[in-house]
Amino acid sequence: MRRYVSSLPQMGDGPAIGLANDARCVEALRDVWDCTEAVADMTTFARQIEDSFALERALDSSLSEDEWRWAVSFVHSRTFRLEDERGRRPTRRALVAGADLINHSSVPEDVNCDWVANDADVFVISATKDVRKGEEFFLSYGEQCDRHFALFYGFLPRRNSFNRVKLFNNGREALDWYRKLCGADAADDIWNRESERVVKMVCDKYGKYTLDKKSGLRRRVIQDLYLGEGCVVSDSMLLLFNEMCGDEEMAIAAIRTRAEELKTKMVSATGKIETGIAVLDAYSQGLVRDYRSRKIDILDAVI
């Protein structure tokens with residue numbers, strides 16, 4: 001146990017882990033990063049850090065915000081999230097000596113172990129396939145895109161088959177874009193009725209409930225409108241365009257056009273982003289560049 005404890009990072013060994021845990025990153029990227037989802041996650045997390053730090057500071061006036069950020073990043077990156085599926089108790093986090101040293105892989109065939117925790121607070125790591133002597137154990141930290149790892153773990157998986165680029169925020173935005181692509185009039189009643197029918201059909205099949213910030217009510221929206229690794233298009237995205245135009249080849253052509261549009265925007269934003277990240281350390285700069293490069297590669301593969 002002493003050897004394990006001595007191997008743990010100490011306060012001052014380096015900055016907090018992950019772009020979202022670095023206040024300078026949040027400030028530098030908030031207005032320039034072209035990944036709106038990452039910016040939204042960072043700003044939300046920044047508010048959570050500020051609120052929780054205020055509560056902790058009331059208990060210990062000597063605590064600095066940098067110390068608090070480092071502690072939070074340590075907990076998030078090394079602990080296991082324990083959730084009670086029946087909702088009988090709140091979510092907990094467990095720091096399990098040794099188990100927290102197992103690295104992640106986003107390649108399903110490389111993952112060779114899994115973990116489980118029961119109500120008796122028993123935590124078990126089990127091999128899911130034969131593991132040769134000297135072979136490294138790999139867990140999956142979840143089927144997450146690069147954004148999750150860059151923001152909260154401070155690294156990108158060597159390969160990530162779950163990485164993706166969001167093409168549209170919702171179904172109506174997608175079909176409004178498609179209407180402009182087709183040159184249809186915004187006041188075209190036939191187009192608008194068909195558009196509403198298609199959005200409702202796809203939403204009923206693939207929609208997820210989310211909180212509407214304006215009304216405070218939960219409503220069902222189409223969120224998974226993405227392009228993934230290996231030119232994989234989400235079913236909801238393909239169905240939305242396919243149903244609207246009635247031809248799968250035309251739907252795929254529209255997705256290619258959207259990918260090219262997004263790639264062009266990302267490339268043109270590079271100079272502004274480079275200026276923004278100039279204040280960051282070399283590792284964080286490289287992480288942002290690699291993150292964007294991998295997104296551009298996804299878009300480029302389908303063009």
# chains A, B, ... in the order shown; residues from 1 in each chain; ligands from 1
>>> closest_atom_pairs(of="stretch 7-96 of chain A", to="stretch 257-276 of chain A", cutoff="12 Å", atoms="only C-alpha atoms", output="JSON lines")
{"residue": "A:Arg24", "atom": "CA", "partner": "A:Gly276", "partner_atom": "CA", "distance": 10.4}
{"residue": "A:Cys25", "atom": "CA", "partner": "A:Gly276", "partner_atom": "CA", "distance": 9.1}
{"residue": "A:Val26", "atom": "CA", "partner": "A:Gly276", "partner_atom": "CA", "distance": 10.6}
{"residue": "A:Glu27", "atom": "CA", "partner": "A:Gly276", "partner_atom": "CA", "distance": 9.1}
{"residue": "A:Ala28", "atom": "CA", "partner": "A:Gly276", "partner_atom": "CA", "distance": 5.4}
{"residue": "A:Leu29", "atom": "CA", "partner": "A:Gly276", "partner_atom": "CA", "distance": 6.4}
{"residue": "A:Arg30", "atom": "CA", "partner": "A:Gly276", "partner_atom": "CA", "distance": 9.3}
{"residue": "A:Asp31", "atom": "CA", "partner": "A:Gly276", "partner_atom": "CA", "distance": 8.7}
{"residue": "A:Val32", "atom": "CA", "partner": "A:Ile273", "partner_atom": "CA", "distance": 5.6}
{"residue": "A:Trp33", "atom": "CA", "partner": "A:Ile273", "partner_atom": "CA", "distance": 6.1}
{"residue": "A:Asp34", "atom": "CA", "partner": "A:Met266", "partner_atom": "CA", "distance": 6.7}
{"residue": "A:Cys35", "atom": "CA", "partner": "A:Met266", "partner_atom": "CA", "distance": 9.0}
{"residue": "A:Thr36", "atom": "CA", "partner": "A:Met266", "partner_atom": "CA", "distance": 11.8}
>>> write_last_selection(atoms="N, CA, C and O atoms", output="PDB file, in the first residue's frame")
ATOM      1  N   ARG A  24      -7.494  28.640 -17.057  1.00  0.00           N
ATOM      2  CA  ARG A  24      -6.927  29.360 -18.202  1.00  0.00           C
ATOM      3  C   ARG A  24      -7.455  28.803 -19.516  1.00  0.00           C
ATOM      4  O   ARG A  24      -7.714  29.558 -20.468  1.00  0.00           O
ATOM      5  N   CYS A  25      -7.614  27.485 -19.573  1.00  0.00           N
ATOM      6  CA  CYS A  25      -8.161  26.859 -20.784  1.00  0.00           C
ATOM      7  C   CYS A  25      -9.588  27.310 -21.030  1.00  0.00           C
ATOM      8  O   CYS A  25      -9.967  27.648 -22.157  1.00  0.00           O
ATOM      9  N   VAL A  26     -10.375  27.305 -19.986  1.00  0.00           N
ATOM     10  CA  VAL A  26     -11.779  27.705 -20.114  1.00  0.00           C
ATOM     11  C   VAL A  26     -11.866  29.136 -20.612  1.00  0.00           C
ATOM     12  O   VAL A  26     -12.629  29.459 -21.529  1.00  0.00           O
ATOM     13  N   GLU A  27     -11.059  30.014 -20.025  1.00  0.00           N
ATOM     14  CA  GLU A  27     -11.076  31.426 -20.409  1.00  0.00           C
ATOM     15  C   GLU A  27     -10.575  31.614 -21.837  1.00  0.00           C
ATOM     16  O   GLU A  27     -11.146  32.383 -22.622  1.00  0.00           O
ATOM     17  N   ALA A  28      -9.499  30.899 -22.191  1.00  0.00           N
ATOM     18  CA  ALA A  28      -8.899  31.065 -23.516  1.00  0.00           C
ATOM     19  C   ALA A  28      -9.778  30.512 -24.633  1.00  0.00           C
ATOM     20  O   ALA A  28      -9.795  31.045 -25.747  1.00  0.00           O
ATOM     21  N   LEU A  29     -10.514  29.423 -24.343  1.00  0.00           N
ATOM     22  CA  LEU A  29     -11.256  28.730 -25.385  1.00  0.00           C
ATOM     23  C   LEU A  29     -12.730  29.101 -25.460  1.00  0.00           C
ATOM     24  O   LEU A  29     -13.394  28.806 -26.455  1.00  0.00           O
ATOM     25  N   ARG A  30     -13.230  29.749 -24.421  1.00  0.00           N
ATOM     26  CA  ARG A  30     -14.676  30.018 -24.324  1.00  0.00           C
ATOM     27  C   ARG A  30     -15.222  30.719 -25.566  1.00  0.00           C
ATOM     28  O   ARG A  30     -16.305  30.378 -26.062  1.00  0.00           O
ATOM     29  N   ASP A  31     -14.507  31.697 -26.080  1.00  0.00           N
ATOM     30  CA  ASP A  31     -15.034  32.511 -27.187  1.00  0.00           C
ATOM     31  C   ASP A  31     -14.437  32.164 -28.543  1.00  0.00           C
ATOM     32  O   ASP A  31     -14.812  32.775 -29.551  1.00  0.00           O
ATOM     33  N   VAL A  32     -13.500  31.204 -28.581  1.00  0.00           N
ATOM     34  CA  VAL A  32     -12.846  30.925 -29.871  1.00  0.00           C
ATOM     35  C   VAL A  32     -12.976  29.484 -30.337  1.00  0.00           C
ATOM     36  O   VAL A  32     -12.882  29.210 -31.541  1.00  0.00           O
ATOM     37  N   TRP A  33     -13.194  28.537 -29.419  1.00  0.00           N
ATOM     38  CA  TRP A  33     -13.221  27.133 -29.819  1.00  0.00           C
ATOM     39  C   TRP A  33     -14.450  26.859 -30.666  1.00  0.00           C
ATOM     40  O   TRP A  33     -15.572  27.230 -30.308  1.00  0.00           O
ATOM     41  N   ASP A  34     -14.261  26.184 -31.796  1.00  0.00           N
ATOM     42  CA  ASP A  34     -15.363  25.921 -32.709  1.00  0.00           C
ATOM     43  C   ASP A  34     -16.130  24.649 -32.361  1.00  0.00           C
ATOM     44  O   ASP A  34     -16.989  24.223 -33.127  1.00  0.00           O
ATOM     45  N   CYS A  35     -15.856  24.043 -31.221  1.00  0.00           N
ATOM     46  CA  CYS A  35     -16.639  22.892 -30.749  1.00  0.00           C
ATOM     47  C   CYS A  35     -17.598  23.394 -29.665  1.00  0.00           C
ATOM     48  O   CYS A  35     -17.227  23.537 -28.498  1.00  0.00           O
ATOM     49  N   THR A  36     -18.828  23.695 -30.066  1.00  0.00           N
ATOM     50  CA  THR A  36     -19.788  24.283 -29.134  1.00  0.00           C
ATOM     51  C   THR A  36     -20.117  23.348 -27.975  1.00  0.00           C
ATOM     52  O   THR A  36     -20.370  23.806 -26.857  1.00  0.00           O
TER      53      THR A  36
END
>>> select_by_dssp(residues="stretch 135-292 of chain A", states="strand (DSSP E or B)", output="compact mmCIF listing (two decimals) with all heavy atoms, in the first residue's frame")
# COMPACT_ATOMS: atom_id res chain seq x y z
N PHE A 138 -6.71 -3.56 -19.75
CA PHE A 138 -7.39 -2.37 -20.25
C PHE A 138 -8.86 -2.43 -19.86
O PHE A 138 -9.52 -3.45 -20.05
CB PHE A 138 -7.28 -2.27 -21.77
CG PHE A 138 -5.94 -1.80 -22.26
CD1 PHE A 138 -5.06 -2.70 -22.84
CD2 PHE A 138 -5.57 -0.47 -22.15
CE1 PHE A 138 -3.82 -2.28 -23.29
CE2 PHE A 138 -4.33 -0.04 -22.60
CZ PHE A 138 -3.46 -0.94 -23.17
N LEU A 139 -9.35 -1.33 -19.32
CA LEU A 139 -10.76 -1.14 -19.04
C LEU A 139 -11.34 -0.17 -20.06
O LEU A 139 -10.62 0.55 -20.73
CB LEU A 139 -10.96 -0.52 -17.65
CG LEU A 139 -10.95 -1.41 -16.42
CD1 LEU A 139 -10.89 -0.54 -15.17
CD2 LEU A 139 -12.17 -2.32 -16.38
N ASN A 160 -10.13 5.82 -31.23
CA ASN A 160 -11.43 5.96 -30.58
C ASN A 160 -12.54 5.74 -31.58
O ASN A 160 -12.92 6.63 -32.35
CB ASN A 160 -11.57 7.35 -29.95
CG ASN A 160 -12.83 7.47 -29.09
OD1 ASN A 160 -13.62 6.52 -29.00
ND2 ASN A 160 -13.02 8.62 -28.47
N ARG A 164 -16.89 11.23 -32.78
CA ARG A 164 -17.92 11.67 -33.72
C ARG A 164 -17.93 13.18 -33.86
O ARG A 164 -17.36 13.89 -33.04
CB ARG A 164 -19.29 11.19 -33.25
CG ARG A 164 -19.65 11.70 -31.86
CD ARG A 164 -20.99 11.19 -31.38
NE ARG A 164 -21.04 9.75 -31.24
CZ ARG A 164 -22.09 9.06 -30.79
NH1 ARG A 164 -23.18 9.72 -30.41
NH2 ARG A 164 -22.04 7.75 -30.69
N VAL A 165 -18.60 13.65 -34.89
CA VAL A 165 -18.82 15.08 -35.11
C VAL A 165 -20.33 15.31 -35.19
O VAL A 165 -21.01 14.65 -35.99
CB VAL A 165 -18.15 15.57 -36.41
CG1 VAL A 165 -18.47 17.05 -36.65
CG2 VAL A 165 -16.65 15.35 -36.36
N LYS A 166 -20.83 16.23 -34.39
CA LYS A 166 -22.26 16.56 -34.47
C LYS A 166 -22.50 17.39 -35.72
O LYS A 166 -21.87 18.44 -35.92
CB LYS A 166 -22.71 17.32 -33.23
CG LYS A 166 -24.17 17.73 -33.28
CD LYS A 166 -24.63 18.44 -32.02
CE LYS A 166 -25.00 17.45 -30.95
NZ LYS A 166 -25.71 18.09 -29.81
N LYS A 208 -34.81 11.86 -27.66
CA LYS A 208 -34.53 11.73 -26.23
C LYS A 208 -35.09 12.94 -25.50
O LYS A 208 -35.10 14.05 -26.04
CB LYS A 208 -33.02 11.62 -25.99
CG LYS A 208 -32.37 10.40 -26.64
CD LYS A 208 -30.87 10.40 -26.40
CE LYS A 208 -30.21 9.20 -27.06
NZ LYS A 208 -28.74 9.20 -26.88
N TYR A 209 -35.53 12.71 -24.27
CA TYR A 209 -36.08 13.81 -23.49
C TYR A 209 -34.95 14.68 -22.94
O TYR A 209 -33.94 14.18 -22.43
CB TYR A 209 -36.93 13.29 -22.34
CG TYR A 209 -38.29 12.80 -22.80
CD1 TYR A 209 -38.54 11.44 -22.99
CD2 TYR A 209 -39.31 13.71 -23.08
CE1 TYR A 209 -39.77 10.99 -23.44
CE2 TYR A 209 -40.55 13.27 -23.52
CZ TYR A 209 -40.77 11.92 -23.69
OH TYR A 209 -41.99 11.49 -24.14
N THR A 210 -35.12 15.99 -23.08
CA THR A 210 -34.14 16.93 -22.55
C THR A 210 -34.87 18.14 -21.99
O THR A 210 -36.02 18.41 -22.34
CB THR A 210 -33.14 17.37 -23.65
OG1 THR A 210 -32.13 18.18 -23.07
CG2 THR A 210 -33.84 18.15 -24.75
N LEU A 211 -34.21 18.88 -21.13
CA LEU A 211 -34.82 20.02 -20.47
C LEU A 211 -34.77 21.24 -21.38
O LEU A 211 -33.70 21.63 -21.86
CB LEU A 211 -34.11 20.33 -19.15
CG LEU A 211 -34.70 21.47 -18.30
CD1 LEU A 211 -36.07 21.08 -17.79
CD2 LEU A 211 -33.76 21.79 -17.13
N ARG A 218 -39.56 19.36 -19.91
CA ARG A 218 -38.81 18.33 -20.64
C ARG A 218 -39.54 18.04 -21.95
O ARG A 218 -40.75 17.87 -21.97
CB ARG A 218 -38.71 17.05 -19.81
CG ARG A 218 -37.76 17.19 -18.63
CD ARG A 218 -37.83 15.97 -17.73
NE ARG A 218 -37.45 14.75 -18.41
CZ ARG A 218 -36.19 14.37 -18.61
NH1 ARG A 218 -35.21 15.13 -18.19
NH2 ARG A 218 -35.92 13.23 -19.22
N ARG A 219 -38.79 18.03 -23.05
CA ARG A 219 -39.39 17.71 -24.34
C ARG A 219 -38.47 16.77 -25.11
O ARG A 219 -37.28 16.70 -24.84
CB ARG A 219 -39.68 18.97 -25.16
CG ARG A 219 -38.45 19.79 -25.50
CD ARG A 219 -38.86 21.13 -26.11
NE ARG A 219 -37.70 21.91 -26.52
CZ ARG A 219 -37.14 21.86 -27.71
NH1 ARG A 219 -37.64 21.04 -28.63
NH2 ARG A 219 -36.09 22.60 -28.02
N ARG A 220 -39.06 16.11 -26.05
CA ARG A 220 -38.30 15.11 -26.81
C ARG A 220 -37.68 15.75 -28.03
O ARG A 220 -38.37 16.41 -28.82
CB ARG A 220 -39.23 13.97 -27.23
CG ARG A 220 -38.51 12.66 -27.46
CD ARG A 220 -39.51 11.54 -27.63
NE ARG A 220 -38.84 10.25 -27.67
CZ ARG A 220 -39.46 9.10 -27.83
NH1 ARG A 220 -40.78 9.09 -27.96
NH2 ARG A 220 -38.80 7.96 -27.83
N VAL A 221 -36.38 15.59 -28.21
CA VAL A 221 -35.68 16.16 -29.36
C VAL A 221 -34.74 15.11 -29.96
O VAL A 221 -34.36 14.15 -29.29
CB VAL A 221 -34.86 17.41 -28.97
CG1 VAL A 221 -35.77 18.52 -28.47
CG2 VAL A 221 -33.81 17.07 -27.93
N TYR A 226 -25.16 12.79 -36.04
CA TYR A 226 -23.70 12.84 -36.07
C TYR A 226 -23.10 12.02 -37.21
O TYR A 226 -23.74 11.17 -37.81
CB TYR A 226 -23.13 12.38 -34.74
CG TYR A 226 -23.37 10.91 -34.44
CD1 TYR A 226 -22.55 9.92 -34.98
CD2 TYR A 226 -24.40 10.51 -33.60
CE1 TYR A 226 -22.77 8.58 -34.70
CE2 TYR A 226 -24.64 9.18 -33.32
CZ TYR A 226 -23.81 8.21 -33.88
OH TYR A 226 -24.03 6.89 -33.62
N LEU A 227 -21.82 12.30 -37.44
CA LEU A 227 -20.98 11.52 -38.33
C LEU A 227 -19.84 10.97 -37.50
O LEU A 227 -19.18 11.72 -36.78
CB LEU A 227 -20.43 12.42 -39.45
CG LEU A 227 -19.40 11.80 -40.41
CD1 LEU A 227 -20.04 10.68 -41.22
CD2 LEU A 227 -18.85 12.87 -41.33
N GLY A 228 -19.64 9.65 -37.55
CA GLY A 228 -18.64 9.03 -36.70
C GLY A 228 -17.44 8.50 -37.46
O GLY A 228 -17.32 8.68 -38.68
N VAL A 232 -19.34 6.50 -40.46
CA VAL A 232 -20.61 5.99 -39.92
C VAL A 232 -21.55 7.17 -39.64
O VAL A 232 -21.20 8.09 -38.89
CB VAL A 232 -20.38 5.20 -38.63
CG1 VAL A 232 -21.71 4.81 -37.99
CG2 VAL A 232 -19.53 3.96 -38.92
N VAL A 233 -22.71 7.15 -40.26
CA VAL A 233 -23.71 8.19 -40.05
C VAL A 233 -24.77 7.64 -39.11
O VAL A 233 -25.21 6.49 -39.26
CB VAL A 233 -24.37 8.61 -41.39
CG1 VAL A 233 -25.40 9.71 -41.16
CG2 VAL A 233 -23.30 9.07 -42.38
>>> closest_residue(among="A:Leu156, A:Leu238, A:Ala174, A:Ala253", to="A:Arg289", atoms="only C-alpha atoms")
A:Leu156
>>> residues_around(residues="A:Ser236", least_positions_apart="2", cutoff="12 Å", atoms="only C-alpha atoms", output="number ranges by chain")
A: 166-168, 170-171, 174, 198-208, 221-227, 232-234, 238-243, 251
>>> select_by_dssp(residues="stretch 50-296 of chain A", states="helix (DSSP H, G or I)", output="ChimeraX atom specification")
/A:50-59,65-78,99-101,108-110,146-152,171-182,189-206,229-231,235-245,248-268,270-277,282-296
>>> residues_around(residues="A:Ser73", least_positions_apart="2", cutoff="12 Å", atoms="only C-alpha atoms", output="MDAnalysis selection string")
chainID A and resid 9 11 14:22 45 49 66:71 75:79 151:154
>>> write_last_selection(atoms="N, CA, C and O atoms", output="compact mmCIF listing (two decimals), in the first residue's frame")
# COMPACT_ATOMS: atom_id res chain seq x y z
N PRO A 9 0.03 11.00 -7.77
CA PRO A 9 0.52 12.36 -7.98
C PRO A 9 0.28 13.22 -6.74
O PRO A 9 -0.73 13.05 -6.04
N MET A 11 0.06 17.13 -4.93
CA MET A 11 -0.29 18.51 -5.23
C MET A 11 0.98 19.28 -5.58
O MET A 11 1.96 19.24 -4.84
N GLY A 14 1.91 18.97 -10.94
CA GLY A 14 1.45 19.43 -12.25
C GLY A 14 0.09 20.08 -12.11
O GLY A 14 -0.49 20.12 -11.01
N PRO A 15 -0.46 20.60 -13.20
CA PRO A 15 -1.77 21.25 -13.15
C PRO A 15 -2.89 20.23 -12.98
O PRO A 15 -2.67 19.03 -13.04
N ALA A 16 -4.10 20.73 -12.75
CA ALA A 16 -5.26 19.87 -12.69
C ALA A 16 -5.41 19.12 -14.01
O ALA A 16 -4.99 19.60 -15.07
N ILE A 17 -6.00 17.92 -13.94
CA ILE A 17 -6.08 17.04 -15.10
C ILE A 17 -7.28 17.40 -15.96
O ILE A 17 -8.41 17.51 -15.47
N GLY A 18 -7.06 17.59 -17.26
CA GLY A 18 -8.15 17.85 -18.19
C GLY A 18 -8.32 19.32 -18.51
O GLY A 18 -8.13 20.18 -17.64
N LEU A 19 -8.69 19.62 -19.75
CA LEU A 19 -8.87 21.00 -20.16
C LEU A 19 -9.93 21.72 -19.35
O LEU A 19 -9.80 22.91 -19.04
N ALA A 20 -11.01 21.02 -18.98
CA ALA A 20 -12.10 21.66 -18.25
C ALA A 20 -11.71 22.04 -16.84
O ALA A 20 -12.34 22.90 -16.22
N ASN A 21 -10.65 21.42 -16.29
CA ASN A 21 -10.21 21.71 -14.93
C ASN A 21 -9.21 22.87 -14.87
O ASN A 21 -8.80 23.27 -13.79
N ASP A 22 -8.81 23.37 -16.03
CA ASP A 22 -7.84 24.46 -16.10
C ASP A 22 -8.57 25.76 -16.40
O ASP A 22 -9.11 25.94 -17.49
N PHE A 45 -19.06 23.07 -16.24
CA PHE A 45 -18.17 22.52 -15.23
C PHE A 45 -17.49 23.64 -14.45
O PHE A 45 -17.28 23.52 -13.23
N ILE A 49 -17.42 24.06 -10.41
CA ILE A 49 -16.19 24.21 -9.63
C ILE A 49 -16.29 25.43 -8.73
O ILE A 49 -15.95 25.39 -7.54
N ASP A 66 -6.87 26.68 -6.88
CA ASP A 66 -6.02 25.75 -7.62
C ASP A 66 -5.96 24.40 -6.91
O ASP A 66 -5.98 23.34 -7.56
N GLU A 67 -5.87 24.42 -5.58
CA GLU A 67 -5.85 23.17 -4.81
C GLU A 67 -7.17 22.42 -4.99
O GLU A 67 -7.18 21.19 -5.13
N TRP A 68 -8.27 23.15 -4.98
CA TRP A 68 -9.58 22.53 -5.13
C TRP A 68 -9.74 21.93 -6.53
O TRP A 68 -10.23 20.81 -6.69
N ARG A 69 -9.32 22.66 -7.56
CA ARG A 69 -9.39 22.15 -8.92
C ARG A 69 -8.56 20.87 -9.06
O ARG A 69 -8.99 19.90 -9.68
N TRP A 70 -7.37 20.88 -8.47
CA TRP A 70 -6.50 19.71 -8.55
C TRP A 70 -7.16 18.52 -7.87
O TRP A 70 -7.16 17.40 -8.39
N ALA A 71 -7.76 18.75 -6.69
CA ALA A 71 -8.40 17.65 -5.95
C ALA A 71 -9.59 17.08 -6.73
O ALA A 71 -9.77 15.87 -6.81
N VAL A 75 -10.04 13.24 -8.26
CA VAL A 75 -11.18 12.37 -7.97
C VAL A 75 -11.87 11.92 -9.26
O VAL A 75 -12.18 10.74 -9.44
N HIS A 76 -12.11 12.85 -10.18
CA HIS A 76 -12.83 12.52 -11.42
C HIS A 76 -12.04 11.54 -12.29
O HIS A 76 -12.63 10.68 -12.94
N SER A 77 -10.73 11.70 -12.33
CA SER A 77 -9.93 10.91 -13.26
C SER A 77 -9.49 9.56 -12.71
O SER A 77 -9.08 8.69 -13.47
N ARG A 78 -9.60 9.35 -11.39
CA ARG A 78 -9.07 8.11 -10.81
C ARG A 78 -10.12 7.27 -10.08
O ARG A 78 -9.81 6.15 -9.66
N THR A 79 -11.31 7.78 -9.93
CA THR A 79 -12.32 7.04 -9.17
C THR A 79 -13.32 6.36 -10.09
O THR A 79 -13.45 6.70 -11.26
N LEU A 151 -11.49 16.85 -22.05
CA LEU A 151 -11.95 17.79 -21.02
C LEU A 151 -11.70 17.29 -19.61
O LEU A 151 -11.31 18.07 -18.73
N PHE A 152 -11.91 16.00 -19.36
CA PHE A 152 -11.91 15.52 -17.98
C PHE A 152 -10.79 14.53 -17.63
O PHE A 152 -10.56 14.24 -16.46
N TYR A 153 -10.10 14.02 -18.64
CA TYR A 153 -8.99 13.10 -18.38
C TYR A 153 -7.65 13.64 -18.89
O TYR A 153 -6.60 13.12 -18.54
N GLY A 154 -7.70 14.63 -19.76
CA GLY A 154 -6.47 15.24 -20.23
C GLY A 154 -5.70 14.41 -21.24
O GLY A 154 -4.49 14.58 -21.39
>>> atom_distance(atom1="atom CA of A:Cys113", atom2="atom CA of A:Arg294")
27.2 Å
>>> closest_residue(among="A:Cys145, A:Val111, A:Ala254, A:Ala117", to="A:Arg92", atoms="only C-alpha atoms")
A:Ala117
